[in-house]
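Source file: data-v5.txt (compact mmCIF, C-alpha atoms)
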```txt
# COMPACT_ATOMS: atom_id res chain seq x y z
CA MET A 29 0.00 0.00 0.00
CA LYS A 30 2.83 2.36 0.95
CA THR A 31 4.61 1.59 -2.32
CA VAL A 32 1.47 2.31 -4.34
CA LEU A 33 0.94 5.61 -2.50
CA ARG A 34 4.60 6.52 -3.05
CA GLN A 35 4.35 5.80 -6.78
CA PHE A 36 1.12 7.80 -6.97
CA LEU A 37 2.76 10.80 -5.28
CA LYS A 38 5.79 10.52 -7.58
CA GLY A 39 3.38 10.66 -10.53
CA LEU A 40 1.79 13.77 -9.06
CA VAL A 41 5.22 15.35 -8.65
CA PHE A 42 6.02 14.63 -12.28
CA VAL A 43 2.79 16.27 -13.47
CA PHE A 44 2.04 18.99 -10.91
CA GLY A 45 5.37 19.47 -9.10
CA ALA A 46 6.85 22.96 -8.81
CA ARG A 47 10.20 23.55 -10.49
CA ILE A 48 12.96 24.08 -7.96
CA VAL A 49 15.73 26.47 -8.97
CA ASP A 50 19.09 26.33 -7.24
CA GLN A 51 19.71 29.92 -6.09
CA ARG A 52 23.47 29.35 -6.13
CA THR A 53 23.76 28.17 -9.74
CA GLY A 54 20.47 29.33 -11.26
CA LYS A 55 19.82 25.84 -12.60
CA VAL A 56 16.59 23.88 -12.28
CA ILE A 57 17.40 20.99 -9.98
CA GLY A 58 14.11 19.15 -9.90
CA LYS A 59 10.43 19.22 -9.18
CA ALA A 60 8.68 18.88 -5.87
CA LEU A 61 5.25 18.95 -4.30
CA PHE A 62 4.75 20.94 -1.10
CA ILE A 63 1.94 19.66 1.08
CA ALA A 64 0.92 21.31 4.33
CA TRP A 65 0.44 18.55 6.88
CA ARG A 66 0.00 18.85 10.64
CA GLY A 67 1.64 22.23 10.92
CA ARG A 68 4.59 21.35 8.66
CA LEU A 69 5.41 21.41 5.00
CA ARG A 70 6.03 17.96 3.53
CA VAL A 71 8.38 18.06 0.54
CA ILE A 72 7.94 15.21 -1.92
CA GLY A 73 10.14 14.56 -4.93
CA LEU A 74 13.61 15.73 -3.92
CA GLU A 75 15.06 12.42 -2.79
CA GLU A 76 17.93 12.59 -5.29
CA ARG A 77 18.71 16.27 -4.71
CA ARG A 78 20.40 17.84 -1.68
CA VAL A 79 18.90 21.25 -1.11
CA ILE A 80 19.19 23.84 1.62
CA PRO A 81 15.92 25.69 2.33
CA LYS A 82 16.12 29.32 3.39
CA PHE A 83 13.82 32.30 3.80
CA GLU A 84 14.90 34.82 1.17
CA SER A 85 16.08 38.27 2.09
CA GLN A 86 13.76 41.08 0.91
CA GLU A 87 14.76 44.25 -0.89
CA ARG A 88 11.20 45.52 -0.42
CA LEU A 89 9.81 45.05 3.07
CA THR A 90 6.53 43.13 3.08
CA TYR A 91 4.62 41.92 6.10
CA TRP A 92 2.12 39.66 4.40
CA GLN A 93 4.39 37.27 2.47
CA GLN A 94 7.88 35.83 2.49
CA SER A 95 9.63 33.43 0.14
CA ILE A 96 11.48 30.24 0.85
CA SER A 97 14.13 29.35 -1.72
CA PHE A 98 16.54 26.47 -2.18
CA SER A 99 20.24 26.27 -2.85
CA THR A 100 22.93 23.61 -2.89
CA HIS A 101 26.40 23.23 -1.44
CA PRO A 102 29.32 23.38 -3.89
CA GLU A 103 31.40 20.21 -4.19
CA PRO A 104 33.55 19.80 -1.06
CA ASP A 105 36.96 21.38 -1.56
CA PHE A 106 38.41 21.92 1.89
CA PRO A 107 42.17 22.18 2.41
CA ASN A 108 44.22 19.85 4.57
CA GLU A 109 44.34 21.39 8.04
CA ARG A 110 46.39 18.81 9.85
CA ALA A 111 48.85 21.53 10.78
CA ALA A 112 46.15 22.87 13.10
CA ASN A 113 46.79 20.22 15.72
CA ASP A 114 44.70 21.92 18.37
CA HIS A 115 41.00 22.56 18.20
CA PHE A 116 40.03 25.91 16.78
CA ASP A 117 39.55 28.49 19.46
CA PRO A 118 36.97 31.12 18.54
CA PRO A 119 37.91 34.71 19.31
CA ALA A 120 36.95 35.79 22.80
CA MET B 30 58.67 -3.81 -1.20
CA SER B 31 55.40 -2.30 -2.46
CA GLU B 32 53.93 0.63 -0.57
CA ARG B 33 50.54 -0.08 -2.14
CA LEU B 34 47.81 -2.01 -0.38
CA THR B 35 44.38 -2.96 -1.65
CA ILE B 36 41.89 -4.09 0.98
CA ILE B 37 39.02 -6.20 -0.33
CA LEU B 38 36.09 -6.29 2.08
CA THR B 39 34.04 -9.43 1.60
CA HIS B 40 31.88 -12.03 3.31
CA GLN B 41 31.77 -14.49 0.41
CA PRO B 42 32.60 -18.22 0.70
CA GLU B 43 36.33 -19.06 0.69
CA PRO B 44 36.58 -20.41 -2.91
CA ALA B 45 35.02 -17.23 -4.30
CA VAL B 46 37.38 -15.04 -2.27
CA GLU B 47 40.45 -17.05 -3.28
CA THR B 48 39.44 -16.83 -6.96
CA MET B 49 38.87 -13.11 -6.65
CA VAL B 50 42.26 -12.47 -5.03
CA ARG B 51 43.99 -14.43 -7.79
CA TRP B 52 42.01 -12.43 -10.36
CA TRP B 53 42.99 -9.11 -8.78
CA LYS B 54 46.68 -10.11 -8.72
CA GLU B 55 46.54 -10.95 -12.43
CA ASN B 56 44.31 -8.11 -13.64
CA ALA B 57 45.20 -5.22 -11.33
CA PRO B 58 48.82 -6.09 -10.47
CA GLY B 59 51.06 -4.08 -8.17
CA PRO B 60 49.46 -3.69 -4.78
CA GLU B 61 49.42 -6.37 -2.10
CA ILE B 62 45.93 -7.68 -1.40
CA LEU B 63 44.58 -7.83 2.14
CA VAL B 64 41.22 -9.55 2.60
CA ALA B 65 39.10 -8.00 5.36
CA TYR B 66 36.66 -10.78 6.07
CA GLY B 67 33.21 -10.13 7.45
CA GLY B 68 31.84 -13.68 7.14
CA SER B 69 31.98 -16.46 9.72
CA ARG B 70 35.07 -17.19 11.80
CA GLU B 71 35.19 -20.78 10.53
CA ARG B 72 35.28 -19.65 6.91
CA PHE B 73 37.92 -17.07 7.74
CA ASP B 74 40.11 -19.75 9.30
CA ARG B 75 39.86 -21.84 6.11
CA LEU B 76 40.56 -18.91 3.80
CA GLY B 77 43.75 -19.56 1.81
CA VAL B 78 45.08 -16.12 0.93
CA PRO B 79 48.44 -14.56 1.86
CA TYR B 80 47.04 -11.64 3.88
CA LYS B 81 43.75 -11.59 5.75
CA VAL B 82 42.13 -10.01 8.81
CA TYR B 83 38.90 -11.01 10.50
CA VAL B 84 36.39 -8.25 11.22
CA ASP B 85 34.62 -9.09 14.44
CA ASP B 86 32.09 -6.27 14.55
CA SER B 87 28.32 -6.65 14.71
CA ARG B 88 27.92 -3.14 13.30
CA LEU B 89 29.34 -4.36 9.99
CA ARG B 90 26.79 -7.18 9.77
CA THR B 91 23.63 -5.13 9.54
CA ARG B 92 20.55 -5.96 7.49
CA ASP B 93 18.95 -2.55 7.14
CA HIS B 94 22.29 -0.79 6.66
CA GLN B 95 21.10 2.80 6.77
CA ARG B 96 18.67 2.55 9.66
CA GLU B 97 21.04 0.39 11.72
CA ARG B 98 23.90 2.74 10.81
CA GLN B 99 26.24 0.14 9.36
CA SER B 100 29.82 0.87 10.36
CA PHE B 101 33.29 0.13 8.98
CA ALA B 102 34.86 1.02 12.35
CA GLY B 103 35.66 -2.66 12.94
CA VAL B 104 37.21 -2.93 9.48
CA PHE B 105 39.39 0.11 10.06
CA MET B 106 40.46 -1.09 13.51
CA ALA B 107 41.31 -4.62 12.34
CA VAL B 108 43.23 -3.35 9.31
CA ASN B 109 45.00 -0.67 11.35
CA GLU B 110 46.19 -3.25 13.81
CA TRP B 111 47.48 -5.35 10.91
CA LEU B 112 49.14 -2.27 9.40
CA SER B 113 51.11 -1.69 12.59
CA GLY B 114 53.23 -4.69 11.56
CA HIS B 115 53.53 -3.45 7.97
CA PRO B 116 55.05 0.03 7.93
CA GLU B 117 55.79 -0.20 4.20
CA PHE B 118 52.25 0.51 3.05
CA GLN B 119 51.63 4.22 2.42
CA PHE B 120 48.61 4.18 0.11
CA ILE B 121 45.45 2.22 0.82
CA HIS B 122 42.71 1.31 -1.59
CA LEU B 123 39.62 0.06 0.26
CA THR B 124 37.09 -1.72 -1.91
CA GLU B 125 34.09 -3.96 -1.45
CA PHE B 126 34.20 -7.28 -3.30
CA ASP B 127 31.53 -6.17 -5.77
CA CYS B 128 33.47 -3.12 -6.97
CA ILE B 129 35.43 -4.44 -9.95
CA PRO B 130 38.47 -2.76 -11.56
CA LEU B 131 38.25 -2.25 -15.31
CA CYS B 132 41.85 -1.13 -15.88
CA PRO B 133 45.07 -2.88 -14.91
CA ASP B 134 46.61 0.27 -13.43
CA LEU B 135 43.66 1.24 -11.21
CA PHE B 136 45.89 1.77 -8.17
CA GLY B 137 48.27 4.00 -10.13
CA ARG B 138 45.39 6.09 -11.45
CA LEU B 139 43.96 6.53 -7.95
CA GLU B 140 47.37 7.42 -6.56
CA GLY B 141 47.90 9.89 -9.41
CA ARG B 142 44.55 11.53 -8.73
CA LEU B 143 45.30 11.76 -5.01
CA THR B 144 48.55 13.58 -5.80
CA GLU B 145 46.94 15.80 -8.43
CA GLU B 146 44.19 16.82 -6.00
CA LYS B 147 46.66 17.21 -3.11
CA ALA B 148 44.13 15.07 -1.27
CA ASP B 149 44.35 12.62 1.60
CA VAL B 150 41.17 10.70 0.81
CA LEU B 151 39.30 10.07 -2.44
CA GLY B 152 35.75 8.80 -2.67
CA CYS B 153 32.84 8.53 -5.07
CA ARG B 154 29.70 10.67 -4.91
CA LEU B 155 31.21 12.88 -2.25
CA GLU B 156 28.88 15.68 -1.24
CA ARG B 157 28.36 18.13 1.55
CA VAL B 158 25.03 17.41 3.23
CA ASP B 159 24.74 19.52 6.41
CA GLY B 160 21.68 21.74 6.42
CA THR B 161 20.16 19.83 3.51
CA ASN B 162 17.36 17.32 3.05
CA HIS B 163 19.84 14.42 2.72
CA PRO B 164 18.06 11.55 4.49
CA HIS B 165 21.17 10.19 6.22
CA TYR B 166 22.06 13.65 7.50
CA LEU B 167 18.56 14.21 8.88
CA TYR B 168 18.63 10.76 10.51
CA HIS B 169 21.95 11.56 12.22
CA GLN B 170 20.75 14.99 13.17
CA SER B 171 18.09 13.36 15.36
CA HIS B 172 20.80 11.77 17.52
CA PRO B 173 21.40 14.01 20.56
CA GLU B 174 25.17 13.41 20.56
CA PHE B 175 25.83 13.93 16.84
CA GLU B 176 26.61 17.65 16.74
CA SER B 177 28.54 17.73 20.00
CA PHE B 178 30.57 14.70 18.86
CA LEU B 179 31.70 16.55 15.74
CA GLY B 180 32.37 19.67 17.77
CA LYS B 181 34.71 17.81 20.12
CA LEU B 182 36.47 15.94 17.32
CA SER B 183 36.94 18.73 14.81
CA VAL B 184 40.09 20.73 14.12
CA ARG B 185 38.12 22.79 11.59
CA ARG B 186 36.68 26.25 12.03
CA ASP B 187 33.23 24.99 11.14
CA PRO B 188 32.43 21.78 13.02
CA ARG B 189 28.96 21.62 11.49
CA VAL B 190 30.17 20.40 8.10
CA VAL B 191 28.91 16.90 7.31
CA LEU B 192 30.10 15.00 4.25
CA ALA B 193 28.72 11.85 2.65
CA MET B 194 30.14 9.48 0.06
CA LEU B 195 29.68 5.91 -1.03
CA ALA B 196 31.60 3.46 1.11
CA CYS B 197 32.12 0.75 -1.50
CA VAL B 198 35.40 2.25 -2.68
CA SER B 199 37.81 4.80 -1.23
CA PHE B 200 41.49 5.63 -1.49
CA TRP B 201 43.60 6.80 1.45
CA ARG B 202 46.94 8.09 2.50
CA ARG B 203 47.97 5.88 5.37
CA GLU B 204 48.03 8.71 7.89
CA ALA B 205 44.39 9.55 7.13
CA PHE B 206 43.33 5.90 7.27
CA SER B 207 45.00 5.37 10.64
CA ALA B 208 43.62 8.59 12.08
CA VAL B 209 40.06 7.64 11.13
CA ALA B 210 40.65 4.13 12.51
CA GLY B 211 41.64 5.69 15.81
CA ALA B 212 38.67 8.07 16.05
CA GLU B 213 36.19 6.91 18.64
CA GLU B 214 32.60 7.18 17.50
CA ASN B 215 30.73 8.41 20.55
CA SER B 216 27.73 8.91 18.32
CA PRO B 217 26.99 5.93 16.03
CA LEU B 218 27.62 7.01 12.45
CA TYR B 219 26.52 5.36 9.22
CA VAL B 220 29.59 4.45 7.21
CA GLU B 221 28.75 6.74 4.28
CA ILE B 222 28.70 9.69 6.67
CA ALA B 223 31.48 8.45 8.95
CA LEU B 224 34.35 7.98 6.50
CA PRO B 225 34.43 11.41 4.83
CA THR B 226 33.16 13.37 7.84
CA LEU B 227 35.67 11.92 10.30
CA ALA B 228 38.54 12.39 7.83
CA HIS B 229 37.45 15.97 7.17
CA HIS B 230 37.15 16.95 10.82
CA LEU B 231 40.48 15.33 11.63
CA GLY B 232 41.93 17.85 9.18
CA PHE B 233 42.39 15.71 6.06
CA ARG B 234 41.49 16.82 2.57
CA VAL B 235 38.71 14.67 1.11
CA ARG B 236 37.98 14.91 -2.61
CA ASN B 237 35.45 13.49 -4.99
CA LEU B 238 36.30 11.18 -7.87
CA SER B 239 33.81 13.16 -9.87
CA ASP B 240 34.50 11.59 -13.26
CA GLN B 241 34.19 8.07 -11.82
CA SER B 242 31.13 8.57 -9.66
CA GLN B 243 28.72 7.78 -12.49
CA PHE B 244 30.21 4.27 -12.69
CA VAL B 245 29.99 3.65 -8.96
CA GLN B 246 26.35 3.37 -7.99
CA PRO B 247 24.76 2.62 -4.65
CA VAL B 248 22.33 -0.05 -5.89
CA GLY B 249 21.60 -2.18 -8.94
CA ASP B 250 23.85 -4.47 -10.93
CA LEU B 251 26.14 -3.20 -13.69
CA GLY B 252 27.60 -6.62 -14.41
CA ASP B 253 26.17 -6.84 -17.92
CA ARG B 254 27.55 -3.44 -19.02
CA LEU B 255 31.23 -3.73 -18.13
CA GLU B 256 32.66 -3.37 -21.64
CA THR B 257 30.37 -0.43 -22.43
CA LEU B 258 31.25 1.34 -19.20
CA ARG B 259 34.97 0.78 -19.78
CA ASP B 260 34.59 2.37 -23.22
CA GLN B 261 32.93 5.32 -21.51
CA GLY B 262 35.95 5.81 -19.25
CA ALA B 263 35.20 3.72 -16.18
CA TRP B 264 38.21 2.74 -14.07
CA MET B 265 36.02 0.54 -11.91
CA VAL B 266 32.38 -0.43 -11.59
CA HIS B 267 30.05 -0.99 -8.65
CA PRO B 268 27.96 -3.02 -8.04
CA VAL B 269 28.74 -6.22 -9.93
CA LYS B 270 26.81 -8.96 -8.18
CA GLU B 271 27.63 -11.96 -10.35
CA PHE B 272 31.33 -11.60 -10.96
CA SER B 273 32.77 -14.08 -13.43
CA GLY B 274 36.53 -14.44 -13.30
CA LYS B 275 36.54 -14.47 -17.11
CA LEU B 276 36.70 -10.68 -17.28
CA THR B 277 40.08 -9.13 -18.03
CA THR B 278 41.14 -5.53 -17.49
CA SER B 279 43.15 -5.19 -20.70
```
Final structure tokens representation of the file:
Amino acid sequence: MKTVLRQFLKGLVFVFGARIVDQRTGKVIGKALFIAWRGRLRVIGLEERRVIPKFESQERLTYWQQSISFSTHPEPDFPNERAANDHFDPPA
Amino acid sequence: MSERLTIILTHQPEPAVETMVRWWKENAPGPEILVAYGGSRERFDRLGVPYKVYVDDSRLRTRDHQRERQSFAGVFMAVNEWLSGHPEFQFIHLTEFDCIPLCPDLFGRLEGRLTEEKADVLGCRLERVDGTNHPHYLYHQSHPEFESFLGKLSVRRDPRVVLAMLACVSFWRREAFSAVAGAEENSPLYVEIALPTLAHHLGFRVRNLSDQSQFVQPVGDLGDRLETLRDQGAWMVHPVKEFSGKLTTS
């Protein structure tokens, strides 16, 4: 039953899903359905995409609506930091 | 003496493992082969290969790997103990038995890439997942000790970074391998999160094998497409469930 429901929802995503644009790259990264359920938003259709949700900053102040957008992390490219043998101490 | 070591992680019956080790020696020559065995103790004792270690860790033998947070900690510890008697090995290629090389100089290519990238660890499908909808990240996030564990472990400025990669194949400088082997997991980590995240927070540089990731998949069976994938540039392929020793890498 769960599998059937899942397939049905995937079909709905394919037909009715909203396009998701990566705010970092500007590329469309997939489609998703947003369903309000028990005080939360359920996101269906992004299982293959890693996205970071964020309320967008506003150039024009509005009280009645805000936007949530999505972005992705760039590919990990961190330097070797073995020279830092001690834990990082944040400035006091 | 070679400084190259390939670890094949397997739980298959002894004849299959012995055939596979012979095949690797013929078709991907150069490195020594160490079998990390996750099957039964009796089978391990009967296994006729030059180098082998037994992995006695229930967290390797999971059924629902993701939900039970399958771990390679036992593999790393057993191999690290074995390595203490073998100081010659400097580069370590860790592979599951169903990840098959498609070129005879796989080790050399991985070592070359490691040098080119100035990296300490290479993996496939490496991605940063903190703050995202990645299911494994969200699952770990629910553990009360997860964030504080990374905070205590990390030498990085940002201890919140969480990386994920496939665990079926990875390539390591020895120092990175041993450091990860020695890291105590106070919070149980799924192997795909554990390997890159621990290495990263211990200060090592982890890089993606981006051009090879398409040939290394988490599920399925690519066994019937080996020649095609090699023509497309694959150095190795995962998963290959029904491996026939008839394949050659040249």
**Prompt:** Near chain A, which residues of chain B fall within 6 Å when you count only C-alpha atoms, and what do they look like as a PyMOL selection string?
**Reply:** chain B and resi 156+160-163+184+186+232-234
**Item:** Atomic separation - CA of Ala57 in chain B relative to CA of Gln99 in chain B, Å
**Value:** 28.6 Å
**Message:** For a test of reading the model, state the distance in Å between CA of Glu176 in chain B and CA of Ala193 in chain B, rounded to one decimal.
**Reply:** 15.4 Å
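Put simply, CA of Glu110 in chain B is 21.4 Å away from CA of Pro217 in chain B.
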**Message:** Just want the 6 Å neighbourhood of Leu34 in chain B, counted on all atoms listed in the file, with same-chain residues fewer than 2 positions away dropped. Output as a list in words.
**Reply:** Pro60, Glu61 and Ile121 of chain B
**Prompt:** Using all atoms listed in the file, what residues lie at most 10 Å away from (52.1, -14.5, -1.4) (file coordinates), given as a VMD selection string?
**Reply:** chain B and resid 61 to 62 78 to 80
**Request:** Dump as a PyMOL selection string all residues having an atom at most 12 Å from (43.6, 7.0, -2.3), computed in the file's coordinates with only C-alpha atoms.
**Result:** chain B and resi 33-36+119-124+135-153+198-206+234-238
**Message:** Just want the 10 Å neighbourhood of Val190 in chain B, counted on all atoms listed in the file, with same-chain residues fewer than 6 positions away dropped. Output as a PyMOL selection string.
**Reply:** (chain A and resi 104) or (chain B and resi 157-160+176+179-180+183+226+229-230)
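When the distance limit is 12 Å and only C-alpha atoms are what count, the residues near Gln93 in chain A, minus those fewer than 5 positions from it on the same chain, are Phe83, Glu84, Ser85, Gln86 and Arg88 of chain A.
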**Pick from A:Gln35, A:Ala64, A:Leu40, A:Ser97 nearest to Arg52 in chain A, counting only C-alpha atoms** =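 Once distances to Arg52 in chain A are computed over only C-alpha atoms, the minimum belongs to A:Ser97.
Non-sequential neighbours of Glu71 in chain B (distance at most 12 Å, separation of 4 or more positions within a chain, only C-alpha atoms) are B:His40, B:Pro42, B:Glu43, B:Tyr66, B:Gly67, B:Arg75, B:Leu76, B:Tyr83.
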**Request:** Tell me which protein, DNA and RNA residues are within 7 Å of Phe244 in chain B, counting only C-alpha atoms, leaving out same-chain ones fewer than 6 positions away, and put them as a list of chain:residue names.
**Result:**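 What passes the distance filter is B:Ala263, B:Met265, B:Val266, B:His267.
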**Message:** I'd like to know which of B:Asp134, B:Glu125, B:Glu55, B:Glu117 is closest to Val269 in chain B, using all atoms listed in the file.
**Reply:**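 Selected residue with least distance to Val269 in chain B: B:Glu125.
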**Residue nearest Arg34 in chain A - candidates A:Ile57, A:Ile72, A:Ile48, A:Ile63, atoms counted: only C-alpha atoms** =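 The shortest atom-to-atom distance to Arg34 in chain A comes from A:Ile72.
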**Prompt:** Taking only C-alpha atoms into account, which of B:Ser87, B:Ser171, B:Ser113, B:Thr257 comes nearest Phe101 in chain B?
**Reply:** B:Ser87
